[in-house]
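*Asks:* Let me begin by handing over the structure; questions about it come next.
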Amino acid sequence: MDRLEDRAAITDQMFRYARATDWLEIDNHRLVFVDDAVFATPHSGDLHGIDAVVEYMNRVLPQFEATQHHISNIWIEFDGAESAKAVSYVRAWHRYPDPKKPDMILWGEYHDRWALVDGTWRITERRVLEAGIEPRREGGVPNPRRARA
Amino acid sequence: MDRLEDRAAITDQMFRYARATDWLEIDNHRLVFVDDAVFATPHSGDLHGIDAVVEYMNRVLPQFEATQHHISNIWIEFDGAESAKAVSYVRAWHRYPDPKKPDMILWGEYHDRWALVDGTWRITERRVLEAGIEPRREGGVPNPRRARA
Amino acid sequence: MDRLEDRAAITDQMFRYARATDWLEIDNHRLVFVDDAVFATPHSGDLHGIDAVVEYMNRVLPQFEATQHHISNIWIEFDGAESAKAVSYVRAWHRYPDPKKPDMILWGEYHDRWALVDGTWRITERRVLEAGIEPRREGGVPNPRRARA
């Protein structure tokens, strides 16, 4: 186990992503992703480029009264001096302004590719896998067990 | 990214706080806070001094059958050799002895100031922000998005 | 605070355990436990040896459509060059294929012993303590507050 500084830097960026999302500091995603990043969720499809990511976040997030993205189980594998893969777990809580709408919770995984660019680790690709959503709803979501990175 | 030992030491103290709370080892909070610490929650108001913190914990926590404070997204910024700011997320689960009372869950954030005192990192100020509480209840809680540190 | 590389290696193994469980890569538990490990949960009783652990996992886990084990609050104490104790928190989410069955969630703690064997940190003993289960059910479970390691 080595490259502890790189691991800490990537971990920090993962949390910056969460705060940029939860605090509606959406432009801060520009500090986390590379310009030509790919961001893919089961709901967004594949988004190409940081402008598309920021546009998507600006469109989707303000509908919630609050969100909180708890990141855990961070696993990083380096495949070069400036390149890494990572898997992490997320429990993403979403509260609607309408008190009659139940909170929506995503149990998911982030499957990422990271690159060291000008001294900063950034996401080049993030794929969000759903393990499940609460409240439970109809319709198929790939089980990450069968959608391994 | 440096000062990894200091980061690990602060992280350890954050978890000591959780265990002191969840295991009712409330006096262990004296190992986590400085004597003249400020501890503030939306429910407690600002508490001044470790004695007030311990008194508050001893008063509030035994009403629960169990609690669990899951800490994640730990973000630390040093602003001196012996001084740091930190933000972390917490999902605090509280179970009442009465099985008809639903579990209470706080989705929150800790906004801290830390100091290195006699070789040990300790909290000088901890402010708990609420992103939301389950079950949902009436009344306003500042959304941390709008209550940034 | 030192031995950061050892801490990171143990942490990595904790997450490998979670993925081996959640992704049904159950044989990967052989990379996490020593051959003669003890694994104990309130439901399994004490299991002796990795074969028993793998058999138990293979029997129990496929009944769920999905699981996710979020590990947090990882606390490691070394009591030798090749030996450590660890406590961590887990929120283990289990979804049944039957959509009418509510998700089952364990709020628990792992109380572990770890050993460095041939250059790899492995679990020699893992005891799972329950802080609580959702949905709440009858019957006594030792409260980890009173079942400290």
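Note on naming: chains are A, B, ... as they come in the structure tokens, residues start from 1 per chain, ligands start from 1 in the order shown.
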For the reference chain C, what are the coordinates of chain A after least-squares fitting (all Cα, in-order pairing), as a short mmCIF file (atom, residue, chain, number, x, y, z; two decimals) with N, CA and C atoms, in the first residue's frame?

*Replies:*
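As written to disk, selection34.cif reads:
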```
data_model
loop_
_atom_site.label_atom_id
_atom_site.label_comp_id
_atom_site.auth_asym_id
_atom_site.auth_seq_id
_atom_site.Cartn_x
_atom_site.Cartn_y
_atom_site.Cartn_z
N MET A 1 0.25 9.13 15.70
CA MET A 1 -0.42 8.39 14.63
C MET A 1 0.61 7.97 13.60
N ASP A 2 0.83 6.69 13.49
CA ASP A 2 1.78 6.25 12.48
C ASP A 2 1.26 4.97 11.84
N ARG A 3 2.13 4.29 11.14
CA ARG A 3 1.76 3.05 10.43
C ARG A 3 0.62 3.32 9.45
N LEU A 4 0.74 4.42 8.74
CA LEU A 4 -0.34 4.79 7.83
C LEU A 4 -0.50 3.78 6.70
N GLU A 5 0.59 3.20 6.23
CA GLU A 5 0.46 2.19 5.17
C GLU A 5 -0.31 0.97 5.67
N ASP A 6 0.00 0.55 6.89
CA ASP A 6 -0.74 -0.59 7.43
C ASP A 6 -2.22 -0.25 7.59
N ARG A 7 -2.50 0.96 8.05
CA ARG A 7 -3.90 1.37 8.20
C ARG A 7 -4.63 1.36 6.86
N ALA A 8 -3.97 1.87 5.86
CA ALA A 8 -4.61 1.89 4.53
C ALA A 8 -4.82 0.48 4.00
N ALA A 9 -3.89 -0.40 4.29
CA ALA A 9 -4.02 -1.78 3.79
C ALA A 9 -5.17 -2.49 4.49
N ILE A 10 -5.32 -2.29 5.79
CA ILE A 10 -6.43 -2.91 6.52
C ILE A 10 -7.76 -2.33 6.03
N THR A 11 -7.78 -1.03 5.85
CA THR A 11 -9.00 -0.37 5.36
C THR A 11 -9.40 -0.93 4.00
N ASP A 12 -8.42 -1.09 3.14
CA ASP A 12 -8.70 -1.67 1.82
C ASP A 12 -9.32 -3.05 1.95
N GLN A 13 -8.80 -3.83 2.86
CA GLN A 13 -9.34 -5.18 3.03
C GLN A 13 -10.77 -5.14 3.56
N MET A 14 -11.06 -4.15 4.41
CA MET A 14 -12.44 -4.02 4.90
C MET A 14 -13.41 -3.77 3.74
N PHE A 15 -12.95 -2.99 2.78
CA PHE A 15 -13.82 -2.69 1.64
C PHE A 15 -13.89 -3.88 0.68
N ARG A 16 -12.79 -4.64 0.62
CA ARG A 16 -12.83 -5.85 -0.20
C ARG A 16 -13.88 -6.82 0.36
N TYR A 17 -13.94 -6.91 1.67
CA TYR A 17 -14.98 -7.73 2.33
C TYR A 17 -16.36 -7.27 1.89
N ALA A 18 -16.60 -5.97 1.89
CA ALA A 18 -17.92 -5.45 1.52
C ALA A 18 -18.25 -5.79 0.08
N ARG A 19 -17.30 -5.61 -0.82
CA ARG A 19 -17.58 -5.92 -2.23
C ARG A 19 -17.75 -7.41 -2.45
N ALA A 20 -16.92 -8.20 -1.77
CA ALA A 20 -17.09 -9.66 -1.91
C ALA A 20 -18.50 -10.07 -1.51
N THR A 21 -19.05 -9.38 -0.53
CA THR A 21 -20.40 -9.67 -0.07
C THR A 21 -21.43 -9.11 -1.03
N ASP A 22 -21.29 -7.84 -1.38
CA ASP A 22 -22.33 -7.15 -2.14
C ASP A 22 -22.35 -7.57 -3.61
N TRP A 23 -21.21 -8.00 -4.12
CA TRP A 23 -21.13 -8.38 -5.53
C TRP A 23 -21.20 -9.89 -5.71
N LEU A 24 -21.47 -10.58 -4.63
CA LEU A 24 -21.52 -12.05 -4.67
C LEU A 24 -20.22 -12.65 -5.21
N GLU A 25 -19.12 -11.97 -4.96
CA GLU A 25 -17.80 -12.55 -5.27
C GLU A 25 -17.31 -13.23 -4.00
N ILE A 26 -18.08 -14.22 -3.59
CA ILE A 26 -17.93 -14.70 -2.22
C ILE A 26 -16.59 -15.36 -1.98
N ASP A 27 -16.02 -15.97 -3.02
CA ASP A 27 -14.70 -16.58 -2.83
C ASP A 27 -13.63 -15.55 -2.49
N ASN A 28 -13.89 -14.29 -2.80
CA ASN A 28 -12.90 -13.27 -2.44
C ASN A 28 -12.74 -13.12 -0.94
N HIS A 29 -13.70 -13.63 -0.17
CA HIS A 29 -13.49 -13.60 1.28
C HIS A 29 -12.25 -14.40 1.68
N ARG A 30 -11.83 -15.30 0.83
CA ARG A 30 -10.60 -16.05 1.10
C ARG A 30 -9.37 -15.15 1.07
N LEU A 31 -9.50 -14.00 0.40
CA LEU A 31 -8.39 -13.03 0.36
C LEU A 31 -8.42 -12.10 1.57
N VAL A 32 -9.50 -12.15 2.33
CA VAL A 32 -9.68 -11.21 3.45
C VAL A 32 -9.44 -11.89 4.79
N PHE A 33 -9.93 -13.11 4.93
CA PHE A 33 -9.79 -13.84 6.19
C PHE A 33 -8.59 -14.79 6.14
N VAL A 34 -8.02 -15.08 7.29
CA VAL A 34 -7.07 -16.19 7.37
C VAL A 34 -7.86 -17.50 7.31
N ASP A 35 -7.16 -18.57 7.04
CA ASP A 35 -7.84 -19.85 6.86
C ASP A 35 -8.62 -20.27 8.11
N ASP A 36 -8.05 -20.03 9.26
CA ASP A 36 -8.71 -20.50 10.49
C ASP A 36 -9.40 -19.36 11.23
N ALA A 37 -9.94 -18.42 10.46
CA ALA A 37 -10.62 -17.27 11.05
C ALA A 37 -11.90 -17.68 11.79
N VAL A 38 -12.27 -16.83 12.73
CA VAL A 38 -13.57 -16.94 13.39
C VAL A 38 -14.44 -15.79 12.91
N PHE A 39 -15.65 -16.10 12.49
CA PHE A 39 -16.60 -15.08 12.06
C PHE A 39 -17.89 -15.33 12.83
N ALA A 40 -18.36 -14.30 13.49
CA ALA A 40 -19.50 -14.49 14.39
C ALA A 40 -20.50 -13.37 14.20
N THR A 41 -21.75 -13.74 13.94
CA THR A 41 -22.83 -12.77 13.91
C THR A 41 -23.91 -13.27 14.86
N PRO A 42 -24.83 -12.38 15.25
CA PRO A 42 -25.92 -12.84 16.10
C PRO A 42 -26.76 -13.93 15.43
N HIS A 43 -26.70 -14.01 14.11
CA HIS A 43 -27.55 -14.95 13.39
C HIS A 43 -26.82 -16.24 13.04
N SER A 44 -25.51 -16.12 12.80
CA SER A 44 -24.76 -17.29 12.36
C SER A 44 -24.18 -18.08 13.52
N GLY A 45 -24.09 -17.45 14.68
CA GLY A 45 -23.25 -18.05 15.71
C GLY A 45 -21.80 -17.96 15.28
N ASP A 46 -20.93 -18.62 16.03
CA ASP A 46 -19.50 -18.59 15.71
C ASP A 46 -19.20 -19.57 14.59
N LEU A 47 -18.70 -19.04 13.49
CA LEU A 47 -18.25 -19.89 12.39
C LEU A 47 -16.74 -20.02 12.47
N HIS A 48 -16.24 -21.22 12.30
CA HIS A 48 -14.81 -21.48 12.42
C HIS A 48 -14.24 -21.90 11.08
N GLY A 49 -13.32 -21.07 10.56
CA GLY A 49 -12.63 -21.43 9.32
C GLY A 49 -13.27 -20.76 8.11
N ILE A 50 -12.41 -20.46 7.16
CA ILE A 50 -12.87 -19.73 5.98
C ILE A 50 -13.88 -20.54 5.16
N ASP A 51 -13.73 -21.86 5.15
CA ASP A 51 -14.70 -22.66 4.40
C ASP A 51 -16.11 -22.49 4.97
N ALA A 52 -16.21 -22.44 6.28
CA ALA A 52 -17.52 -22.24 6.91
C ALA A 52 -18.06 -20.85 6.61
N VAL A 53 -17.16 -19.87 6.56
CA VAL A 53 -17.60 -18.50 6.24
C VAL A 53 -18.15 -18.44 4.83
N VAL A 54 -17.41 -19.01 3.89
CA VAL A 54 -17.84 -18.98 2.48
C VAL A 54 -19.14 -19.77 2.31
N GLU A 55 -19.25 -20.89 2.99
CA GLU A 55 -20.48 -21.69 2.89
C GLU A 55 -21.66 -20.88 3.42
N TYR A 56 -21.44 -20.20 4.53
CA TYR A 56 -22.52 -19.40 5.13
C TYR A 56 -22.94 -18.27 4.18
N MET A 57 -21.96 -17.57 3.64
CA MET A 57 -22.26 -16.45 2.73
C MET A 57 -23.00 -16.96 1.48
N ASN A 58 -22.54 -18.08 0.96
CA ASN A 58 -23.18 -18.65 -0.23
C ASN A 58 -24.61 -19.08 0.05
N ARG A 59 -24.89 -19.44 1.28
CA ARG A 59 -26.23 -19.89 1.63
C ARG A 59 -27.16 -18.71 1.88
N VAL A 60 -26.63 -17.66 2.51
CA VAL A 60 -27.49 -16.58 2.98
C VAL A 60 -27.66 -15.47 1.94
N LEU A 61 -26.58 -15.11 1.26
CA LEU A 61 -26.64 -13.89 0.45
C LEU A 61 -27.52 -13.99 -0.80
N PRO A 62 -27.55 -15.14 -1.46
CA PRO A 62 -28.34 -15.15 -2.71
C PRO A 62 -29.83 -14.96 -2.52
N GLN A 63 -30.32 -15.03 -1.28
CA GLN A 63 -31.74 -14.78 -1.07
C GLN A 63 -32.10 -13.31 -1.28
N PHE A 64 -31.10 -12.44 -1.33
CA PHE A 64 -31.37 -11.02 -1.49
C PHE A 64 -31.20 -10.61 -2.95
N GLU A 65 -32.02 -9.65 -3.34
CA GLU A 65 -31.83 -9.09 -4.68
C GLU A 65 -30.59 -8.21 -4.73
N ALA A 66 -30.33 -7.51 -3.63
CA ALA A 66 -29.15 -6.64 -3.56
C ALA A 66 -28.82 -6.41 -2.09
N THR A 67 -27.55 -6.18 -1.83
CA THR A 67 -27.12 -5.73 -0.50
C THR A 67 -26.09 -4.63 -0.71
N GLN A 68 -25.91 -3.84 0.33
CA GLN A 68 -24.82 -2.85 0.30
C GLN A 68 -24.32 -2.63 1.73
N HIS A 69 -23.05 -2.82 1.92
CA HIS A 69 -22.42 -2.70 3.23
C HIS A 69 -21.56 -1.43 3.25
N HIS A 70 -22.10 -0.40 3.88
CA HIS A 70 -21.37 0.86 4.01
C HIS A 70 -20.55 0.82 5.30
N ILE A 71 -19.24 0.90 5.14
CA ILE A 71 -18.33 0.83 6.28
C ILE A 71 -17.88 2.25 6.63
N SER A 72 -17.90 2.56 7.91
CA SER A 72 -17.40 3.88 8.32
C SER A 72 -16.78 3.77 9.70
N ASN A 73 -16.28 4.91 10.18
CA ASN A 73 -15.75 4.99 11.56
C ASN A 73 -14.71 3.90 11.83
N ILE A 74 -13.79 3.74 10.91
CA ILE A 74 -12.78 2.68 11.04
C ILE A 74 -11.71 3.09 12.06
N TRP A 75 -11.57 2.27 13.05
CA TRP A 75 -10.66 2.54 14.18
C TRP A 75 -9.71 1.36 14.30
N ILE A 76 -8.42 1.62 14.22
CA ILE A 76 -7.42 0.55 14.21
C ILE A 76 -6.42 0.81 15.32
N GLU A 77 -6.15 -0.22 16.09
CA GLU A 77 -5.12 -0.14 17.12
C GLU A 77 -4.16 -1.30 16.93
N PHE A 78 -2.87 -0.98 16.78
CA PHE A 78 -1.88 -2.04 16.61
C PHE A 78 -1.40 -2.52 17.96
N ASP A 79 -1.33 -3.82 18.11
CA ASP A 79 -0.74 -4.34 19.35
C ASP A 79 0.48 -5.20 19.04
N GLY A 80 1.08 -4.95 17.91
CA GLY A 80 2.30 -5.65 17.53
C GLY A 80 2.63 -5.30 16.10
N ALA A 81 3.79 -5.75 15.64
CA ALA A 81 4.19 -5.42 14.27
C ALA A 81 3.26 -6.08 13.27
N GLU A 82 2.67 -7.19 13.64
CA GLU A 82 1.86 -7.96 12.69
C GLU A 82 0.48 -8.26 13.26
N SER A 83 -0.01 -7.41 14.12
CA SER A 83 -1.26 -7.69 14.81
C SER A 83 -1.98 -6.39 15.12
N ALA A 84 -3.29 -6.40 14.93
CA ALA A 84 -4.08 -5.19 15.18
C ALA A 84 -5.49 -5.57 15.61
N LYS A 85 -6.10 -4.66 16.35
CA LYS A 85 -7.53 -4.72 16.64
C LYS A 85 -8.20 -3.61 15.84
N ALA A 86 -9.45 -3.83 15.48
CA ALA A 86 -10.17 -2.78 14.76
C ALA A 86 -11.64 -2.82 15.13
N VAL A 87 -12.22 -1.64 15.16
CA VAL A 87 -13.67 -1.49 15.29
C VAL A 87 -14.13 -0.63 14.13
N SER A 88 -15.21 -1.03 13.49
CA SER A 88 -15.79 -0.19 12.45
C SER A 88 -17.31 -0.27 12.55
N TYR A 89 -17.95 0.70 11.94
CA TYR A 89 -19.41 0.71 11.88
C TYR A 89 -19.83 0.22 10.51
N VAL A 90 -20.97 -0.40 10.47
CA VAL A 90 -21.52 -0.82 9.18
C VAL A 90 -23.00 -0.51 9.14
N ARG A 91 -23.47 -0.04 8.00
CA ARG A 91 -24.89 0.01 7.74
C ARG A 91 -25.12 -0.92 6.56
N ALA A 92 -25.74 -2.05 6.87
CA ALA A 92 -25.87 -3.11 5.88
C ALA A 92 -27.32 -3.16 5.41
N TRP A 93 -27.49 -2.84 4.13
CA TRP A 93 -28.82 -2.77 3.53
C TRP A 93 -29.07 -4.04 2.73
N HIS A 94 -30.24 -4.63 2.91
CA HIS A 94 -30.59 -5.89 2.25
C HIS A 94 -31.95 -5.72 1.60
N ARG A 95 -32.01 -5.99 0.32
CA ARG A 95 -33.29 -5.91 -0.42
C ARG A 95 -33.70 -7.31 -0.89
N TYR A 96 -34.95 -7.64 -0.64
CA TYR A 96 -35.49 -8.94 -1.05
C TYR A 96 -36.06 -8.85 -2.46
N PRO A 97 -36.07 -9.95 -3.16
CA PRO A 97 -36.69 -9.92 -4.50
C PRO A 97 -38.18 -9.59 -4.42
N ASP A 98 -38.84 -10.02 -3.37
CA ASP A 98 -40.27 -9.75 -3.22
C ASP A 98 -40.47 -8.27 -2.90
N PRO A 99 -41.07 -7.51 -3.81
CA PRO A 99 -41.18 -6.06 -3.56
C PRO A 99 -42.08 -5.72 -2.38
N LYS A 100 -42.85 -6.68 -1.90
CA LYS A 100 -43.69 -6.39 -0.74
C LYS A 100 -42.94 -6.56 0.58
N LYS A 101 -41.78 -7.19 0.53
CA LYS A 101 -40.98 -7.33 1.75
C LYS A 101 -40.13 -6.09 1.94
N PRO A 102 -40.24 -5.43 3.06
CA PRO A 102 -39.43 -4.21 3.24
C PRO A 102 -37.94 -4.55 3.29
N ASP A 103 -37.14 -3.59 2.86
CA ASP A 103 -35.69 -3.73 2.98
C ASP A 103 -35.33 -3.96 4.44
N MET A 104 -34.33 -4.79 4.66
CA MET A 104 -33.84 -5.04 6.00
C MET A 104 -32.49 -4.32 6.15
N ILE A 105 -32.35 -3.57 7.22
CA ILE A 105 -31.12 -2.81 7.43
C ILE A 105 -30.56 -3.14 8.80
N LEU A 106 -29.30 -3.49 8.80
CA LEU A 106 -28.58 -3.73 10.05
C LEU A 106 -27.68 -2.54 10.34
N TRP A 107 -27.89 -1.94 11.50
CA TRP A 107 -26.93 -0.98 12.03
C TRP A 107 -26.00 -1.76 12.95
N GLY A 108 -24.76 -1.93 12.54
CA GLY A 108 -23.91 -2.79 13.33
C GLY A 108 -22.50 -2.29 13.51
N GLU A 109 -21.74 -3.10 14.19
CA GLU A 109 -20.32 -2.83 14.40
C GLU A 109 -19.54 -4.10 14.12
N TYR A 110 -18.38 -3.92 13.52
CA TYR A 110 -17.45 -5.02 13.37
C TYR A 110 -16.35 -4.86 14.42
N HIS A 111 -16.17 -5.88 15.21
CA HIS A 111 -15.07 -5.90 16.17
C HIS A 111 -14.11 -7.00 15.73
N ASP A 112 -12.94 -6.56 15.25
CA ASP A 112 -12.05 -7.47 14.52
C ASP A 112 -10.72 -7.65 15.23
N ARG A 113 -10.10 -8.76 14.89
CA ARG A 113 -8.67 -8.92 15.08
C ARG A 113 -8.03 -9.19 13.71
N TRP A 114 -6.93 -8.52 13.47
CA TRP A 114 -6.24 -8.63 12.19
C TRP A 114 -4.80 -9.12 12.40
N ALA A 115 -4.29 -9.83 11.41
CA ALA A 115 -2.89 -10.29 11.43
C ALA A 115 -2.27 -10.07 10.06
N LEU A 116 -0.98 -9.74 10.08
CA LEU A 116 -0.22 -9.60 8.84
C LEU A 116 0.38 -10.95 8.50
N VAL A 117 -0.10 -11.56 7.42
CA VAL A 117 0.31 -12.91 7.05
C VAL A 117 0.87 -12.87 5.64
N ASP A 118 2.16 -13.21 5.52
CA ASP A 118 2.80 -13.21 4.19
C ASP A 118 2.57 -11.89 3.47
N GLY A 119 2.66 -10.80 4.23
CA GLY A 119 2.59 -9.49 3.61
C GLY A 119 1.20 -8.94 3.40
N THR A 120 0.17 -9.69 3.80
CA THR A 120 -1.21 -9.22 3.62
C THR A 120 -1.94 -9.22 4.96
N TRP A 121 -2.59 -8.11 5.25
CA TRP A 121 -3.40 -8.04 6.46
C TRP A 121 -4.69 -8.83 6.25
N ARG A 122 -4.99 -9.68 7.22
CA ARG A 122 -6.18 -10.53 7.13
C ARG A 122 -6.91 -10.57 8.47
N ILE A 123 -8.20 -10.84 8.39
CA ILE A 123 -9.02 -10.95 9.60
C ILE A 123 -8.80 -12.32 10.22
N THR A 124 -8.45 -12.32 11.49
CA THR A 124 -8.41 -13.59 12.22
C THR A 124 -9.70 -13.80 13.02
N GLU A 125 -10.34 -12.70 13.39
CA GLU A 125 -11.63 -12.81 14.09
C GLU A 125 -12.47 -11.58 13.79
N ARG A 126 -13.70 -11.80 13.40
CA ARG A 126 -14.66 -10.70 13.20
C ARG A 126 -15.94 -11.04 13.96
N ARG A 127 -16.32 -10.14 14.86
CA ARG A 127 -17.58 -10.28 15.59
C ARG A 127 -18.48 -9.11 15.20
N VAL A 128 -19.67 -9.45 14.75
CA VAL A 128 -20.64 -8.45 14.31
C VAL A 128 -21.59 -8.17 15.46
N LEU A 129 -21.62 -6.93 15.90
CA LEU A 129 -22.56 -6.53 16.96
C LEU A 129 -23.70 -5.75 16.32
N GLU A 130 -24.88 -6.00 16.80
CA GLU A 130 -26.05 -5.28 16.29
C GLU A 130 -26.38 -4.12 17.20
N ALA A 131 -26.43 -2.93 16.63
CA ALA A 131 -27.01 -1.81 17.35
C ALA A 131 -28.53 -1.79 17.17
N GLY A 132 -28.96 -2.30 16.02
CA GLY A 132 -30.39 -2.36 15.77
C GLY A 132 -30.66 -2.81 14.35
N ILE A 133 -31.88 -3.22 14.11
CA ILE A 133 -32.29 -3.69 12.80
C ILE A 133 -33.58 -2.98 12.42
N GLU A 134 -33.69 -2.61 11.16
CA GLU A 134 -34.94 -2.10 10.60
C GLU A 134 -35.46 -3.11 9.59
N PRO A 135 -36.76 -3.36 9.44
CA PRO A 135 -37.77 -2.86 10.36
C PRO A 135 -37.57 -3.48 11.74
N ARG A 136 -37.95 -2.71 12.72
CA ARG A 136 -37.78 -3.16 14.10
C ARG A 136 -38.53 -4.46 14.33
N ARG A 137 -37.91 -5.35 15.06
CA ARG A 137 -38.58 -6.62 15.32
C ARG A 137 -38.41 -7.01 16.77
N GLU A 138 -39.26 -7.91 17.18
CA GLU A 138 -39.24 -8.36 18.56
C GLU A 138 -37.96 -9.13 18.85
N GLY A 139 -37.65 -9.24 20.08
CA GLY A 139 -36.54 -10.10 20.45
C GLY A 139 -35.30 -9.31 20.79
N GLY A 140 -34.53 -9.84 21.68
CA GLY A 140 -33.43 -9.08 22.24
C GLY A 140 -32.18 -9.23 21.42
N VAL A 141 -31.55 -8.12 21.16
CA VAL A 141 -30.22 -8.13 20.57
C VAL A 141 -29.35 -7.34 21.51
N PRO A 142 -28.19 -7.87 21.82
CA PRO A 142 -27.33 -7.11 22.74
C PRO A 142 -27.01 -5.75 22.18
N ASN A 143 -27.21 -4.74 22.97
CA ASN A 143 -26.84 -3.39 22.59
C ASN A 143 -25.32 -3.25 22.68
N PRO A 144 -24.69 -2.90 21.57
CA PRO A 144 -23.22 -2.81 21.60
C PRO A 144 -22.68 -1.88 22.68
N ARG A 145 -23.49 -0.92 23.06
CA ARG A 145 -23.03 -0.09 24.17
C ARG A 145 -22.66 -0.91 25.39
N ARG A 146 -23.41 -2.00 25.55
CA ARG A 146 -23.17 -2.82 26.73
C ARG A 146 -22.38 -4.06 26.37
N ALA A 147 -21.95 -4.13 25.12
CA ALA A 147 -21.20 -5.30 24.66
C ALA A 147 -19.90 -4.84 24.06
N ARG A 148 -19.23 -3.97 24.77
CA ARG A 148 -18.01 -3.37 24.22
C ARG A 148 -16.94 -4.42 24.03
N ALA A 149 -16.13 -4.16 23.02
CA ALA A 149 -15.06 -5.12 22.75
C ALA A 149 -14.05 -5.10 23.90
#
```

*Asks:* Using DSSP secondary structure from the backbone, list all helix (DSSP H, G or I) positions within segment 8-86 of chain A, as a PDB file with C-alpha atoms, in the first residue's frame.

*Replies:*
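Result file result03.pdb:
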```pdb
ATOM      1  CA  ALA A   8      -5.811  11.310   0.096  1.00  0.00           C
ATOM      2  CA  ALA A   9      -5.983  13.797  -2.759  1.00  0.00           C
ATOM      3  CA  ILE A  10      -8.451  11.654  -4.729  1.00  0.00           C
ATOM      4  CA  THR A  11     -10.524  11.092  -1.603  1.00  0.00           C
ATOM      5  CA  ASP A  12     -10.638  14.821  -0.988  1.00  0.00           C
ATOM      6  CA  GLN A  13     -11.894  15.376  -4.502  1.00  0.00           C
ATOM      7  CA  MET A  14     -14.627  12.784  -3.979  1.00  0.00           C
ATOM      8  CA  PHE A  15     -15.861  14.779  -1.014  1.00  0.00           C
ATOM      9  CA  ARG A  16     -15.581  18.027  -2.946  1.00  0.00           C
ATOM     10  CA  TYR A  17     -17.947  16.451  -5.490  1.00  0.00           C
ATOM     11  CA  ALA A  18     -20.420  15.663  -2.707  1.00  0.00           C
ATOM     12  CA  ARG A  19     -20.338  19.180  -1.288  1.00  0.00           C
ATOM     13  CA  ALA A  20     -20.574  20.773  -4.717  1.00  0.00           C
ATOM     14  CA  THR A  21     -23.747  18.735  -5.156  1.00  0.00           C
ATOM     15  CA  ASP A  22     -25.236  19.060  -1.681  1.00  0.00           C
ATOM     16  CA  ILE A  26     -22.399  23.355  -8.748  1.00  0.00           C
ATOM     17  CA  ASP A  27     -19.628  25.221 -10.529  1.00  0.00           C
ATOM     18  CA  ASN A  28     -17.202  23.538  -8.161  1.00  0.00           C
ATOM     19  CA  HIS A  29     -17.684  20.394 -10.208  1.00  0.00           C
ATOM     20  CA  ARG A  30     -15.336  22.113 -12.646  1.00  0.00           C
ATOM     21  CA  LEU A  31     -12.615  21.600 -10.022  1.00  0.00           C
ATOM     22  CA  ILE A  50     -18.071  19.353 -17.872  1.00  0.00           C
ATOM     23  CA  ASP A  51     -20.506  21.889 -19.321  1.00  0.00           C
ATOM     24  CA  ALA A  52     -23.075  19.137 -19.796  1.00  0.00           C
ATOM     25  CA  VAL A  53     -22.448  17.896 -16.255  1.00  0.00           C
ATOM     26  CA  VAL A  54     -22.942  21.352 -14.760  1.00  0.00           C
ATOM     27  CA  GLU A  55     -26.038  21.946 -16.887  1.00  0.00           C
ATOM     28  CA  TYR A  56     -27.495  18.634 -15.735  1.00  0.00           C
ATOM     29  CA  MET A  57     -26.768  19.324 -12.063  1.00  0.00           C
ATOM     30  CA  ASN A  58     -28.229  22.824 -12.329  1.00  0.00           C
ATOM     31  CA  ARG A  59     -31.374  21.401 -13.868  1.00  0.00           C
ATOM     32  CA  VAL A  60     -31.903  18.465 -11.524  1.00  0.00           C
ATOM     33  CA  LEU A  61     -30.656  19.484  -8.092  1.00  0.00           C
ATOM     34  CA  PRO A  62     -32.707  22.596  -7.337  1.00  0.00           C
ATOM     35  CA  GLN A  63     -35.901  20.535  -7.338  1.00  0.00           C
TER      36      GLN A  63
END
```

*Asks:* Go through chain A and collect every residue that DSSP, computed from the backbone, puts in strand (DSSP E); the answer should be as JSON, numbers by chain.

*Replies:* {"A": [33, 34, 35, 36, 37, 38, 39, 40, 41, 45, 46, 47, 48, 66, 67, 68, 69, 70, 71, 72, 73, 74, 75, 76, 77, 78, 79, 80, 83, 84, 85, 86, 87, 88, 89, 90, 91, 92, 93, 94, 95, 104, 105, 106, 107, 108, 109, 110, 111, 112, 113, 114, 115, 116, 117, 120, 121, 122, 123, 124, 125, 126, 127, 128, 129, 130, 131, 132, 133, 134]}
